[in-house]
Every structure is written in structure tokens, then in C-alpha cells.
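Data from start_7.cif: mmCIF, C-alpha atoms
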data_model
#
loop_
_atom_site.label_atom_id
_atom_site.label_comp_id
_atom_site.auth_asym_id
_atom_site.auth_seq_id
_atom_site.Cartn_x
_atom_site.Cartn_y
_atom_site.Cartn_z
CA MET A 1 88.37 72.53 -72.67
CA LEU A 2 91.83 71.13 -73.37
CA PRO A 3 95.09 72.64 -72.17
CA TYR A 4 96.95 74.59 -74.89
CA THR A 5 99.72 72.00 -75.00
CA ILE A 6 97.37 69.21 -76.16
CA GLY A 7 95.85 71.29 -78.97
CA ASP A 8 99.36 72.13 -80.14
CA TYR A 9 100.41 68.48 -79.89
CA LEU A 10 97.42 67.32 -81.97
CA ALA A 11 97.38 70.20 -84.49
CA ASP A 12 99.95 68.58 -86.80
CA ASP A 13 97.80 65.45 -87.04
CA ILE A 14 95.30 67.37 -89.20
CA ARG A 15 97.68 66.63 -92.08
CA THR A 16 98.32 63.01 -91.11
CA GLY A 17 95.30 61.78 -93.06
CA THR A 18 93.52 58.48 -92.63
CA ILE A 19 95.49 55.87 -90.73
CA SER A 20 95.39 52.46 -92.40
CA THR A 21 93.74 49.59 -90.56
CA ASP A 22 95.61 47.18 -92.80
CA THR A 23 98.36 46.40 -90.31
CA PRO A 24 99.15 43.31 -88.20
CA GLU A 25 98.85 45.44 -85.03
CA PHE A 26 95.31 46.45 -85.97
CA GLU A 27 94.33 42.89 -86.88
CA GLU A 28 95.66 41.63 -83.60
CA ALA A 29 93.88 44.30 -81.56
CA GLU A 30 90.63 43.70 -83.44
CA GLN A 31 90.80 39.96 -82.86
CA ARG A 32 91.51 40.47 -79.19
CA VAL A 33 88.49 42.75 -78.74
CA GLN A 34 86.26 40.43 -80.76
CA ALA A 35 87.30 37.46 -78.64
CA GLN A 36 86.56 39.44 -75.49
CA ILE A 37 83.13 40.46 -76.77
CA GLU A 38 82.28 36.87 -77.67
CA SER A 39 83.41 35.56 -74.33
CA PHE A 40 81.16 38.07 -72.53
CA ILE A 41 78.13 37.26 -74.67
CA ASN A 42 78.63 33.49 -74.33
CA ASN A 43 79.44 33.58 -70.63
CA LYS A 44 76.64 31.92 -68.69
CA GLY A 45 77.11 33.98 -65.55
CA THR A 46 74.57 34.98 -62.93
CA LYS A 47 75.52 38.56 -61.96
CA THR A 48 75.08 41.82 -63.88
CA VAL A 49 77.93 44.14 -64.85
CA ASP A 50 76.58 46.76 -62.42
CA TYR A 51 76.98 44.29 -59.55
CA PHE A 52 80.73 44.16 -60.19
CA HIS A 53 81.02 47.85 -60.92
CA ARG A 54 79.42 48.72 -57.58
CA LYS A 55 81.59 46.25 -55.66
CA LEU A 56 84.72 47.64 -57.27
CA GLY A 57 83.63 51.18 -56.44
CA LYS A 58 83.19 50.27 -52.76
CA ILE A 59 86.65 48.68 -52.54
CA ILE A 60 88.37 51.67 -54.14
CA TRP A 61 86.33 54.19 -52.14
CA ASN A 62 87.02 52.50 -48.82
CA LYS A 63 90.63 51.43 -49.24
CA CYS A 64 92.15 53.51 -52.02
CA GLY A 65 90.33 56.77 -51.41
CA MET A 66 91.63 60.13 -50.28
CA SER A 67 92.92 58.67 -47.03
CA ARG A 68 94.70 55.33 -47.34
CA ASN A 69 97.20 53.12 -45.52
CA GLU A 70 99.47 50.19 -46.29
CA ALA A 71 97.26 47.46 -44.82
CA GLY A 72 94.14 48.74 -46.61
CA LEU A 73 95.92 49.03 -49.96
CA LYS A 74 97.26 45.49 -49.71
CA GLU A 75 93.72 44.28 -49.01
CA ALA A 76 92.38 46.34 -51.92
CA ILE A 77 94.86 44.71 -54.32
CA GLN A 78 93.75 41.24 -53.25
CA GLU A 79 90.05 42.14 -53.28
CA VAL A 80 90.12 43.73 -56.75
CA LYS A 81 92.08 40.76 -58.10
CA ALA A 82 89.54 38.32 -56.66
CA LEU A 83 86.66 40.42 -57.96
CA ARG A 84 88.21 40.47 -61.43
CA GLU A 85 88.44 36.69 -61.44
CA GLU A 86 84.82 36.40 -60.28
CA PHE A 87 83.79 38.90 -62.96
CA TYR A 88 85.18 36.82 -65.82
CA LYS A 89 83.67 33.66 -64.37
CA ASP A 90 80.25 34.89 -63.34
CA VAL A 91 79.26 38.02 -65.28
CA PHE A 92 76.07 37.92 -67.28
CA VAL A 93 75.82 40.11 -70.40
CA PRO A 94 72.45 40.05 -72.19
CA GLY A 95 71.74 40.68 -75.87
CA THR A 96 73.90 40.07 -78.90
CA ALA A 97 77.33 41.19 -80.09
CA ASP A 98 76.10 42.92 -83.24
CA SER A 99 73.29 45.10 -81.90
CA PHE A 100 73.15 48.26 -79.78
CA ASN A 101 74.10 46.75 -76.45
CA GLU A 102 74.72 49.07 -73.52
CA PRO A 103 75.45 46.31 -70.95
CA LEU A 104 78.09 44.87 -73.32
CA ALA A 105 79.79 48.25 -73.70
CA LYS A 106 79.71 48.61 -69.93
CA ALA A 107 81.20 45.13 -69.47
CA LEU A 108 84.19 46.12 -71.61
CA ARG A 109 84.67 49.31 -69.59
CA VAL A 110 84.31 47.57 -66.23
CA ALA A 111 86.85 44.94 -67.39
CA ASP A 112 89.30 47.84 -67.83
CA PHE A 113 88.35 49.36 -64.47
CA LEU A 114 89.03 46.03 -62.78
CA GLU A 115 92.61 46.12 -64.08
CA LEU A 116 93.12 49.81 -63.55
CA GLY A 117 91.63 49.62 -60.03
CA GLU A 118 94.26 47.12 -58.95
CA LEU A 119 96.98 49.24 -60.53
CA PHE A 120 95.66 52.31 -58.66
CA ALA A 121 96.10 50.47 -55.39
CA LYS A 122 99.52 49.15 -56.40
CA ASP A 123 100.69 52.65 -57.33
CA ALA A 124 99.27 54.08 -54.12
CA LEU A 125 100.96 51.35 -52.08
CA GLU A 126 104.39 52.06 -53.53
CA ARG A 127 104.11 55.83 -53.14
CA THR A 128 104.50 55.95 -49.40
CA GLU A 129 104.18 59.75 -49.18
CA SER A 130 101.12 61.96 -48.83
CA CYS A 131 100.81 63.86 -52.07
CA GLY A 132 98.31 66.16 -53.75
CA GLY A 133 94.78 65.36 -52.60
CA HIS A 134 95.81 61.98 -51.21
CA PHE A 135 96.64 61.36 -47.58
CA ARG A 136 98.85 58.39 -46.82
CA GLU A 137 98.09 57.79 -43.15
CA GLU A 138 101.65 56.66 -42.35
CA SER A 139 103.04 59.87 -43.85
CA GLN A 140 101.93 62.77 -41.67
CA SER A 141 103.51 65.46 -39.56
CA PRO A 142 103.19 65.37 -35.75
CA GLU A 143 100.28 67.78 -36.17
CA GLY A 144 98.47 65.43 -38.53
CA GLU A 145 99.24 67.38 -41.72
CA ALA A 146 100.01 65.60 -44.99
CA LEU A 147 103.75 64.94 -45.31
CA ARG A 148 105.36 64.80 -48.75
CA ASP A 149 108.62 62.93 -49.36
CA ASP A 150 110.48 64.93 -52.01
CA VAL A 151 113.71 62.97 -51.56
CA ASN A 152 112.20 59.71 -52.77
CA PHE A 153 109.13 60.65 -54.81
CA THR A 154 109.80 63.68 -56.99
CA PHE A 155 108.71 61.77 -60.05
CA VAL A 156 105.61 60.83 -62.02
CA SER A 157 104.87 57.10 -62.10
CA ALA A 158 104.22 55.70 -65.57
CA TRP A 159 103.23 52.04 -65.46
CA GLU A 160 103.94 49.83 -68.44
CA TYR A 161 101.24 47.32 -69.28
CA LYS A 162 102.40 43.75 -68.80
CA GLY A 163 99.10 41.90 -68.62
CA GLU A 164 98.30 41.27 -64.97
CA PRO A 165 98.44 44.56 -63.01
CA SER A 166 100.79 42.91 -60.49
CA ASN A 167 103.36 42.60 -63.32
CA ALA A 168 103.10 46.24 -64.43
CA LYS A 169 106.51 47.82 -64.79
CA LEU A 170 107.28 51.19 -63.21
CA HIS A 171 108.96 53.93 -65.23
CA LYS A 172 109.93 57.01 -63.28
CA GLU A 173 109.56 60.36 -65.03
CA PRO A 174 111.54 62.77 -62.87
CA LEU A 175 110.07 66.15 -62.01
CA ASN A 176 112.69 68.84 -62.46
CA TYR A 177 111.62 72.21 -61.13
CA GLU A 178 113.58 75.01 -62.77
CA ASN A 179 111.71 78.14 -61.83
CA ILE A 180 110.27 77.30 -58.45
CA GLU A 181 111.61 75.53 -55.40
CA LEU A 182 109.68 72.76 -53.67
CA LYS A 183 108.04 73.95 -50.48
CA THR A 184 105.46 72.71 -48.04
CA ARG A 185 102.12 74.42 -48.44
CA SER A 186 100.64 75.86 -45.30
CA TYR A 187 97.01 76.74 -44.78
CA LYS A 188 97.62 78.29 -41.38
CA MET B 1 56.75 53.67 -54.55
CA LYS B 2 55.12 51.16 -56.84
CA LEU B 3 54.86 52.11 -60.49
CA THR B 4 53.46 50.79 -63.74
CA LEU B 5 55.75 51.64 -66.62
CA LYS B 6 54.59 51.59 -70.22
CA ILE B 7 57.75 51.73 -72.31
CA TRP B 8 58.39 51.87 -76.05
CA ARG B 9 60.42 48.81 -77.12
CA GLN B 10 61.93 48.67 -80.57
CA GLU B 11 64.69 46.26 -81.54
CA ASN B 12 66.31 48.49 -84.18
CA ALA B 13 65.60 51.26 -86.68
CA THR B 14 63.68 49.03 -89.09
CA ALA B 15 61.82 46.85 -86.60
CA LYS B 16 58.25 47.60 -85.60
CA GLY B 17 58.04 48.95 -82.06
CA SER B 18 55.33 48.71 -79.43
CA MET B 19 54.56 49.70 -75.85
CA HIS B 20 55.41 47.13 -73.16
CA THR B 21 54.15 47.18 -69.61
CA TYR B 22 56.39 46.54 -66.61
CA SER B 23 55.67 46.93 -62.94
CA LEU B 24 58.37 48.17 -60.62
CA ASP B 25 58.33 48.20 -56.83
CA GLY B 26 60.61 49.78 -54.24
CA VAL B 27 61.27 53.02 -56.09
CA SER B 28 62.53 55.77 -53.79
CA PRO B 29 61.08 59.26 -54.32
CA ASP B 30 64.67 60.57 -54.07
CA MET B 31 65.81 58.62 -57.12
CA SER B 32 66.32 60.43 -60.38
CA PHE B 33 64.26 59.18 -63.29
CA LEU B 34 67.36 57.55 -64.81
CA GLU B 35 68.18 55.78 -61.53
CA MET B 36 64.66 54.40 -61.61
CA MET B 37 65.41 53.12 -65.13
CA ASP B 38 68.63 51.52 -63.82
CA VAL B 39 66.64 49.69 -61.15
CA LEU B 40 64.14 48.53 -63.78
CA ASN B 41 66.96 47.23 -65.99
CA GLU B 42 68.56 45.32 -63.10
CA GLN B 43 65.16 43.71 -62.49
CA LEU B 44 64.64 42.92 -66.19
CA MET B 45 68.09 41.33 -66.52
CA GLU B 46 67.43 39.18 -63.45
CA GLN B 47 64.25 38.00 -65.16
CA GLY B 48 66.17 37.27 -68.36
CA ILE B 49 64.52 40.13 -70.25
CA ASP B 50 66.61 42.40 -72.48
CA PRO B 51 67.14 45.70 -70.60
CA VAL B 52 65.60 48.92 -71.94
CA ALA B 53 68.17 50.86 -73.96
CA PHE B 54 68.25 54.56 -73.08
CA ASP B 55 70.77 57.33 -73.59
CA HIS B 56 72.56 58.89 -70.64
CA ASP B 57 75.96 60.33 -69.95
CA CYS B 58 76.70 63.12 -67.48
CA ARG B 59 73.60 62.73 -65.29
CA GLU B 60 73.95 66.35 -64.21
CA GLY B 61 71.93 68.15 -66.85
CA ILE B 62 74.66 69.33 -69.20
CA CYS B 63 75.21 66.63 -71.83
CA GLY B 64 71.74 66.52 -73.37
CA SER B 65 71.78 62.74 -73.86
CA CYS B 66 68.75 61.61 -71.87
CA SER B 67 66.15 61.90 -74.59
CA MET B 68 62.94 60.56 -73.11
CA PHE B 69 59.38 61.59 -73.81
CA ILE B 70 57.65 61.02 -70.49
CA ASN B 71 53.88 61.22 -70.20
CA GLY B 72 53.76 63.20 -73.42
CA GLU B 73 56.46 65.73 -72.52
CA ALA B 74 60.13 65.96 -73.45
CA HIS B 75 62.09 65.19 -70.25
CA GLY B 76 58.80 64.69 -68.42
CA PRO B 77 56.87 67.04 -66.13
CA ASP B 78 58.57 70.04 -64.52
CA ARG B 79 60.38 72.85 -66.33
CA LEU B 80 64.01 73.70 -67.16
CA ILE B 81 65.33 70.21 -66.50
CA THR B 82 66.63 67.18 -68.36
CA THR B 83 65.47 63.65 -67.55
CA CYS B 84 68.39 63.01 -65.21
CA GLN B 85 67.30 66.04 -63.16
CA LEU B 86 63.73 64.76 -62.89
CA HIS B 87 63.07 63.07 -59.58
CA MET B 88 60.58 60.35 -58.76
CA ARG B 89 58.99 62.60 -56.13
CA LYS B 90 57.30 64.35 -59.05
CA PHE B 91 55.20 61.18 -59.40
CA LYS B 92 52.81 59.47 -57.02
CA ASP B 93 52.80 55.94 -55.65
CA GLY B 94 50.73 53.77 -57.98
CA ASP B 95 51.22 56.04 -61.01
CA THR B 96 51.37 54.73 -64.56
CA ILE B 97 54.17 56.39 -66.52
CA HIS B 98 54.44 56.36 -70.30
CA ILE B 99 58.00 56.49 -71.65
CA GLU B 100 58.74 56.99 -75.33
CA PRO B 101 61.74 58.06 -77.41
CA PHE B 102 62.01 61.56 -78.90
CA ARG B 103 59.98 61.26 -82.06
CA ALA B 104 60.95 63.01 -85.31
CA LYS B 105 61.82 61.70 -88.75
CA PRO B 106 65.37 63.13 -88.64
CA PHE B 107 65.87 61.34 -85.26
CA PRO B 108 65.50 57.65 -86.21
CA VAL B 109 65.23 55.18 -83.33
CA ILE B 110 68.42 53.15 -82.80
CA LYS B 111 66.92 50.96 -80.11
CA ASP B 112 64.07 51.39 -77.59
CA LEU B 113 64.49 54.94 -76.23
CA VAL B 114 67.77 55.71 -77.99
CA VAL B 115 67.51 57.92 -81.06
CA ASP B 116 70.15 58.96 -83.57
CA ARG B 117 70.72 62.71 -83.23
CA THR B 118 73.73 63.00 -85.52
CA ALA B 119 71.60 65.32 -87.69
CA PHE B 120 72.37 67.95 -85.02
CA ASP B 121 76.09 67.24 -85.33
CA ARG B 122 75.92 67.75 -89.08
CA ILE B 123 74.14 71.08 -88.60
CA GLN B 124 76.89 72.13 -86.18
CA HIS B 125 79.60 71.03 -88.61
CA ALA B 126 77.93 73.17 -91.29
CA GLY B 127 78.66 76.39 -89.42
CA GLY B 128 78.51 76.20 -85.64
CA PHE B 129 82.09 77.33 -85.12
CA VAL B 130 84.50 80.22 -85.52
CA SER B 131 87.78 79.67 -87.37
CA VAL B 132 90.72 80.63 -85.21
CA ASN B 133 94.39 80.65 -86.12
CA THR B 134 96.15 78.15 -83.85
CA SER B 135 99.61 79.61 -84.43
CA GLY B 136 99.90 80.33 -80.73
CA ASN B 137 99.33 84.07 -81.17
CA THR B 138 95.56 83.87 -80.78
CA GLN B 139 94.11 86.92 -79.10
CA ASP B 140 92.58 86.25 -75.72
CA ALA B 141 88.79 86.39 -76.20
CA ASN B 142 88.46 88.34 -72.97
CA ALA B 143 90.58 91.15 -74.40
CA ILE B 144 87.80 92.15 -76.81
CA PRO B 145 85.23 94.39 -75.09
CA ILE B 146 81.62 93.32 -75.64
CA GLU B 147 78.51 95.09 -74.48
CA LYS B 148 77.04 93.48 -71.41
CA ALA B 149 73.58 93.01 -72.95
CA ASP B 150 75.05 91.23 -76.00
CA ALA B 151 77.41 89.13 -73.92
CA ASP B 152 74.50 87.98 -71.76
CA LYS B 153 72.33 87.08 -74.75
CA ALA B 154 75.18 85.26 -76.48
CA PHE B 155 75.87 83.34 -73.29
CA ASP B 156 72.19 82.46 -72.84
CA ALA B 157 72.10 81.12 -76.41
CA ALA B 158 75.31 79.17 -75.79
CA THR B 159 73.72 77.27 -72.90
CA CYS B 160 71.86 75.13 -75.48
CA ILE B 161 72.97 71.52 -74.91
CA GLY B 162 71.63 70.19 -78.22
CA CYS B 163 69.33 67.67 -76.56
CA GLY B 164 66.61 67.82 -79.19
CA ALA B 165 63.70 68.45 -76.80
CA CYS B 166 62.62 71.33 -79.07
CA VAL B 167 62.37 68.97 -82.06
CA ALA B 168 60.57 66.27 -80.09
CA THR B 169 58.06 68.80 -78.75
CA CYS B 170 57.38 70.67 -81.99
CA LYS B 171 54.37 69.54 -84.02
CA ASN B 172 56.46 70.28 -87.14
CA ALA B 173 59.60 68.58 -85.79
CA SER B 174 61.34 71.90 -86.31
CA ALA B 175 64.92 72.32 -85.15
CA MET B 176 64.80 76.10 -85.34
CA LEU B 177 65.23 76.73 -81.61
CA PHE B 178 68.42 74.64 -81.64
CA VAL B 179 69.83 76.10 -84.85
CA SER B 180 68.92 79.66 -83.87
CA ALA B 181 70.68 79.28 -80.52
CA LYS B 182 73.84 78.11 -82.30
CA VAL B 183 73.60 80.95 -84.84
CA SER B 184 72.84 83.56 -82.17
CA GLN B 185 75.72 82.74 -79.88
CA TYR B 186 78.10 83.82 -82.65
CA ALA B 187 75.93 86.47 -84.33
CA LEU B 188 76.02 88.51 -81.12
CA LEU B 189 79.80 88.48 -80.79
CA PRO B 190 82.50 90.18 -82.89
CA GLN B 191 84.34 86.84 -83.23
CA GLY B 192 81.35 85.48 -85.15
CA GLN B 193 81.12 88.28 -87.73
CA VAL B 194 83.75 87.02 -90.18
CA GLU B 195 81.78 83.89 -91.06
CA ALA B 196 78.32 85.26 -90.22
CA THR B 197 76.87 85.12 -93.75
CA ASP B 198 78.05 81.61 -94.58
CA ARG B 199 77.18 80.35 -91.15
CA VAL B 200 73.47 81.09 -91.19
CA LEU B 201 73.04 80.05 -94.82
CA ASN B 202 74.90 76.76 -94.39
CA MET B 203 73.31 75.83 -91.09
CA VAL B 204 69.78 76.54 -92.32
CA LYS B 205 70.47 74.58 -95.51
CA GLN B 206 71.74 71.60 -93.52
CA MET B 207 68.71 71.84 -91.22
CA ASP B 208 66.39 71.69 -94.24
CA ASP B 209 68.38 68.87 -95.86
CA GLU B 210 68.05 66.79 -92.69
CA GLY B 211 64.28 67.01 -93.00
CA PHE B 212 63.44 69.16 -89.98
CA GLY B 213 60.21 71.14 -90.27
CA ASN B 214 59.70 74.87 -90.07
CA CYS B 215 58.66 77.14 -87.24
CA THR B 216 55.05 78.23 -86.92
CA ASN B 217 55.65 80.24 -83.74
CA THR B 218 53.73 77.94 -81.40
CA GLY B 219 56.39 78.38 -78.72
CA ALA B 220 56.13 74.84 -77.30
CA CYS B 221 59.88 74.35 -77.79
CA GLU B 222 60.69 77.26 -75.49
CA VAL B 223 58.46 75.80 -72.78
CA GLU B 224 60.07 72.35 -72.94
CA CYS B 225 63.67 73.51 -73.43
CA PRO B 226 65.72 72.40 -70.39
CA LYS B 227 67.91 75.50 -70.76
CA GLY B 228 65.11 78.01 -71.37
CA ILE B 229 66.41 79.06 -74.80
CA SER B 230 64.23 81.98 -75.87
CA LEU B 231 62.10 82.16 -79.01
CA GLU B 232 63.81 85.52 -79.57
CA ASN B 233 66.73 83.54 -81.02
CA ILE B 234 64.53 82.29 -83.86
CA ALA B 235 63.63 85.90 -84.73
CA ARG B 236 67.36 86.75 -84.71
CA MET B 237 68.19 83.80 -86.97
CA ASN B 238 65.46 84.80 -89.42
CA ARG B 239 66.89 88.32 -89.49
CA GLU B 240 70.42 86.96 -90.03
CA TYR B 241 69.13 84.66 -92.76
CA LEU B 242 67.32 87.47 -94.56
CA SER B 243 70.28 89.84 -94.49
CA ALA B 244 72.67 87.01 -95.54
CA ASN B 245 70.48 86.39 -98.58
CA VAL B 246 70.42 90.07 -99.45
CA LYS B 247 74.21 90.25 -99.17
CA GLY B 248 74.35 87.12 -101.31
#

Once you've parsed the file, please lay out its structure as C-alpha cells.
Amino acid sequence: MLPYTIGDYLADDIRTGTISTDTPEFEEAEQRVQAQIESFINNKGTKTVDYFHRKLGKIIWNKCGMSRNEAGLKEAIQEVKALREEFYKDVFVPGTADSFNEPLAKALRVADFLELGELFAKDALERTESCGGHFREESQSPEGEALRDDVNFTFVSAWEYKGEPSNAKLHKEPLNYENIELKTRSYK
Amino acid sequence: MKLTLKIWRQENATAKGSMHTYSLDGVSPDMSFLEMMDVLNEQLMEQGIDPVAFDHDCREGICGSCSMFINGEAHGPDRLITTCQLHMRKFKDGDTIHIEPFRAKPFPVIKDLVVDRTAFDRIQHAGGFVSVNTSGNTQDANAIPIEKADADKAFDAATCIGCGACVATCKNASAMLFVSAKVSQYALLPQGQVEATDRVLNMVKQMDDEGFGNCTNTGACEVECPKGISLENIARMNREYLSANVKG
């Protein structure tokens, strides 16, 4: 299932052995997750996790989908941010923290999606070219074909986590093609 | 559609469970059975009732998570499908539907309809693999010619998704359809020959240690299997097991 490179990358870890959980980093991460779990369970909200998940899906589908534009992406960023705030204020998670609790697990995932969703839109906004399966409406040829911008965007965007998605820091990983030259694909 | 649902509720493995009745309105015949369960859970949460825990993952019939016993059948009425592929159009407006977890001693209930199927994982770990050198010089599997008939049978066996419907259906809670599919997919291929003896002995031993019952050739497992795994695999496993014992 995995590309060969990943298997090779992980193979050496067979000999790494058990990684100790007795580190300040682990303690800190554990406390953070525990605090988040408790806040969800104790939150006296009125809306289910699925309510927020569906709303997020609609925003991303409509404004950060295969075809997107600057105005829509700016709206998406604001809408996801507002939805995230509403989520923490008004989500309702039933059950307890120490039992099998599917809605709680989902709440933790959707919390991540609500950050990642905003980052998606931010990344899409800054990449003003049409690239891969994504069509940036402002970046098209006179015939309406997707138009890449190799001068400004021949890099992979790696975003560094800085808390709020709006503060994420961009690291550019340049794409250096050694054996092929960049060309425009034609389906004609 | 309006339905009456009678669902097994059980807080945890040690708690005593019982059937609870819920009524659900506005079910579309186009919904999958799991989507119907989602709608029920939304309704329950709005009423302040703990939602029904059930397993699900891919919702496209390949992960084998959705272990529900519906109206006395694993994955409900209809053949060759998992619960996520069962649609509400198979039921009638006003129906009462009984929903229970897969029942077998080696599959203890975790909560409500969720059962612990790690016994299957342990059986797989006991021998459901081929050891391959990862030095980077591994021979491409497609470079080894295999007779078409064997390749087809191995592939058919490999379609087993390890859902446990065979165990839940069997009056003996036997896992032999599952284990035999995993044994067969390698027994039929040259790649599986190196570890063939150990594989069948170790997997059968693990199966017995987990507390699964034996096969009495009823064939109910084959009928309820979502992937149509054939009983022929059990015959092959028995043959493999016998010859492995002779070889010692």
C-alpha cells in the first residue's frame, strides 16, 4: 500500500525499540490532550459534533473545492474561523472521558479539521496558480485551461504550526527537476 | 419510512446488556443501514440519550468493521454485502428491526454493538504473512508465473476482509472460514511455500487458543460471508494442517 520510500524510511525503526513516555514533551502533550477531552465533556453546548462537521464540509466543498477564487477563499477563511469559535463554545459531547466514546473521538478529529480547513484555504489563497487537480479561476488561459505559474510556485508549501492557522509560517521546499523539464500538459 | 428499532445496549464488557426500543421517523429508503444509525444517534443525542456505539470505517464494503447482527443475520438480509452496503429499501415502512452485536465468546462486547475482534489480529500475527527481504532487491511478485486457476483461487481467498460474519453466524462460533481463507491465499502461491508448515500450525493453534469452535460443515458461514469465501478453503486448510503434522 505504501510507496517504497516510506517502507525504506521506516525499516530502520524496527531496531529503535520502545520509545520512553517519560519525557517532558510527552507529559506536556498528554496534559494538553487530557485538558481538551475534559473541556469537551464538560462543555454544556447544544449542537452535535456532526453538525459542525457537516457545516465545515459545505464551506470547504463550496469555496475551497476543485475550482476556487480569491473572494471565495477569503470568505472560507473567515467562515471556518467563526465556525471553529462556535464549535468550542457550543459543541455538545455526550458520555464520559473514560469509556468507549465515539462522539468524543470525533470531536477531537473535527477540532483538527477546523484548524486544517482554515489552513487549506489559506494555502489555496496564497498559491495563485492553477495546479494539479485544482483550478484557480483567476489563473486560466484564454481558452479556459488551467494555467500553472512555474516562475513563482515551483515549490511545495510546508506550513509550520503556530497555534492559530492565520499565524502558520510558510516554508518553501523547492522542486528541482533534474531529469525532466516542466511542460504544460495538453489533452487536445 | 417509520421504523421501530430494537437495539442491544450494553455499557461495557462486564455490564449486563438488554434490548432497548426506539422509534425513528423520516428514514429514506436510499439511506444505507449505517446512515440510518447516524440519524438515530443524532435524534438520541438531541433527546439527551447516549448514542448507540457501532463500528464503522470505510462505508464501502472493504474494511469489515460494521459488525451488526440484523434480524438474526450477520450484516442483515441480502447476500454478499456488509452492513454499510445494506440499504433501507430492503425493509418496509413500519418494520421492526432487531439489531445486535456479533455474538461469540472470543468477540467480547466493548460497548453496545461494538465487539473486540483483536482475536483475528492475533491469528493473523501468528502466520498470516510471508517474510520478504526488504533489502531493496525484492523480486517483483508479478515476475513469478502462477497458473491461472491457482492465482484466481488465491485471489478469491484474499478478498476476505476479516469481518467476523462467519464466526457470528456459526453455531459453534468457528473461525475456520476466516483462518482457512488466510491460509489458502498463501498456500496456493509459491511465495507462501517457505513458511507453509509453520503457518498453518501456528494459525490453527492461535485460533484454538482464542476459544473459537470447530467446523461441523453446516456451511452457514459461506452463505453469510460478504465476500463469498468458499467452504473449499476449509477443506484446503484441513489438508494443509494434516500434511504439516505429518511433516512435523

Tell me which residues the PyMOL selection byres ((chain A) within 8 of (chain B)) grabs here, as a ChimeraX atom specification. /A:8,48,94-95,100-102

What's the 9 Å shell around Gly26 (chain B), counting only C-alpha atoms, without same-chain residues fewer than 3 positions away, as a PyMOL selection string? chain B and resi 1-3

Going by the chain IDs and residue numbers used in this file, which residues fall under the PyMOL selection byres ((chain B and resi 13-20) around 12)? Write them as a ChimeraX atom specification. /A:99-100 /B:4-12,21-23,49,52,97-101,105,107-116

Just write the chosen residues, C-alpha atoms, as a PDB file, in the coordinates of the input.
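Result file follows (again.pdb):
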ATOM      1  CA  SER A  99      73.290  45.100 -81.900  1.00  0.00           C
ATOM      2  CA  PHE A 100      73.150  48.260 -79.780  1.00  0.00           C
TER       3      PHE A 100
ATOM      4  CA  THR B   4      53.460  50.790 -63.740  1.00  0.00           C
ATOM      5  CA  LEU B   5      55.750  51.640 -66.620  1.00  0.00           C
ATOM      6  CA  LYS B   6      54.590  51.590 -70.220  1.00  0.00           C
ATOM      7  CA  ILE B   7      57.750  51.730 -72.310  1.00  0.00           C
ATOM      8  CA  TRP B   8      58.390  51.870 -76.050  1.00  0.00           C
ATOM      9  CA  ARG B   9      60.420  48.810 -77.120  1.00  0.00           C
ATOM     10  CA  GLN B  10      61.930  48.670 -80.570  1.00  0.00           C
ATOM     11  CA  GLU B  11      64.690  46.260 -81.540  1.00  0.00           C
ATOM     12  CA  ASN B  12      66.310  48.490 -84.180  1.00  0.00           C
ATOM     13  CA  THR B  21      54.150  47.180 -69.610  1.00  0.00           C
ATOM     14  CA  TYR B  22      56.390  46.540 -66.610  1.00  0.00           C
ATOM     15  CA  SER B  23      55.670  46.930 -62.940  1.00  0.00           C
ATOM     16  CA  ILE B  49      64.520  40.130 -70.250  1.00  0.00           C
ATOM     17  CA  VAL B  52      65.600  48.920 -71.940  1.00  0.00           C
ATOM     18  CA  ILE B  97      54.170  56.390 -66.520  1.00  0.00           C
ATOM     19  CA  HIS B  98      54.440  56.360 -70.300  1.00  0.00           C
ATOM     20  CA  ILE B  99      58.000  56.490 -71.650  1.00  0.00           C
ATOM     21  CA  GLU B 100      58.740  56.990 -75.330  1.00  0.00           C
ATOM     22  CA  PRO B 101      61.740  58.060 -77.410  1.00  0.00           C
ATOM     23  CA  LYS B 105      61.820  61.700 -88.750  1.00  0.00           C
ATOM     24  CA  PHE B 107      65.870  61.340 -85.260  1.00  0.00           C
ATOM     25  CA  PRO B 108      65.500  57.650 -86.210  1.00  0.00           C
ATOM     26  CA  VAL B 109      65.230  55.180 -83.330  1.00  0.00           C
ATOM     27  CA  ILE B 110      68.420  53.150 -82.800  1.00  0.00           C
ATOM     28  CA  LYS B 111      66.920  50.960 -80.110  1.00  0.00           C
ATOM     29  CA  ASP B 112      64.070  51.390 -77.590  1.00  0.00           C
ATOM     30  CA  LEU B 113      64.490  54.940 -76.230  1.00  0.00           C
ATOM     31  CA  VAL B 114      67.770  55.710 -77.990  1.00  0.00           C
ATOM     32  CA  VAL B 115      67.510  57.920 -81.060  1.00  0.00           C
ATOM     33  CA  ASP B 116      70.150  58.960 -83.570  1.00  0.00           C
TER      34      ASP B 116
END

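The environment of region 149-159 of chain B within 8 Å, counting all atoms listed in the file and disregarding residues fewer than 4 places along the same chain, consists of B:Ala181, B:Lys182, B:Ser184, B:Gln185, B:Tyr186, B:Ala187, B:Leu188, B:Leu189, B:Lys227, B:Ile229, B:Ser230, B:Asn233.
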
Residue neighbourhood region 165-173 of chain A, 7 Å, all atoms listed in the file, exclusion window fewer than 3 positions, as number ranges by chain: A: 115, 118-119, 155-162

Quick one: which residues end up in the PyMOL selection byres ((chain B and resi 60) around 9) for this structure, as number ranges by chain? B: 57-59, 61-63, 82, 84-85

Written selection (C-alpha atoms) as a compact mmCIF listing (two decimals), in the frame of the given file:
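Output below, filename out-v3.txt:
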# COMPACT_ATOMS: atom_id res chain seq x y z
CA ASP B 57 75.96 60.33 -69.95
CA CYS B 58 76.70 63.12 -67.48
CA ARG B 59 73.60 62.73 -65.29
CA GLY B 61 71.93 68.15 -66.85
CA ILE B 62 74.66 69.33 -69.20
CA CYS B 63 75.21 66.63 -71.83
CA THR B 82 66.63 67.18 -68.36
CA CYS B 84 68.39 63.01 -65.21
CA GLN B 85 67.30 66.04 -63.16

Which neighbours of region 121-134 of chain A fall inside 8 Å, counting all atoms listed in the file, when residues of the same chain fewer than 3 positions from it are skipped, and could you give them as JSON, numbers by chain? {"A": [60, 64, 65, 66, 67, 68, 69, 70, 73, 74, 76, 77, 117, 118, 137, 138, 139, 140, 146, 147, 148, 149, 153, 157, 166]}

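Pairwise distance (CA of Ile59 (chain A), CA of Val91 (chain A)) equals 18.2 Å.
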
Distance CA of Glu224 (chain B)-CA of Met176 (chain B), one decimal place? 13.8 Å

Give me, as a ChimeraX atom specification, all polymer residues having an atom no more than 9 Å from Arg89 (chain B), counting all atoms listed in the file and skipping those fewer than 6 positions away in the same chain. /B:28-32
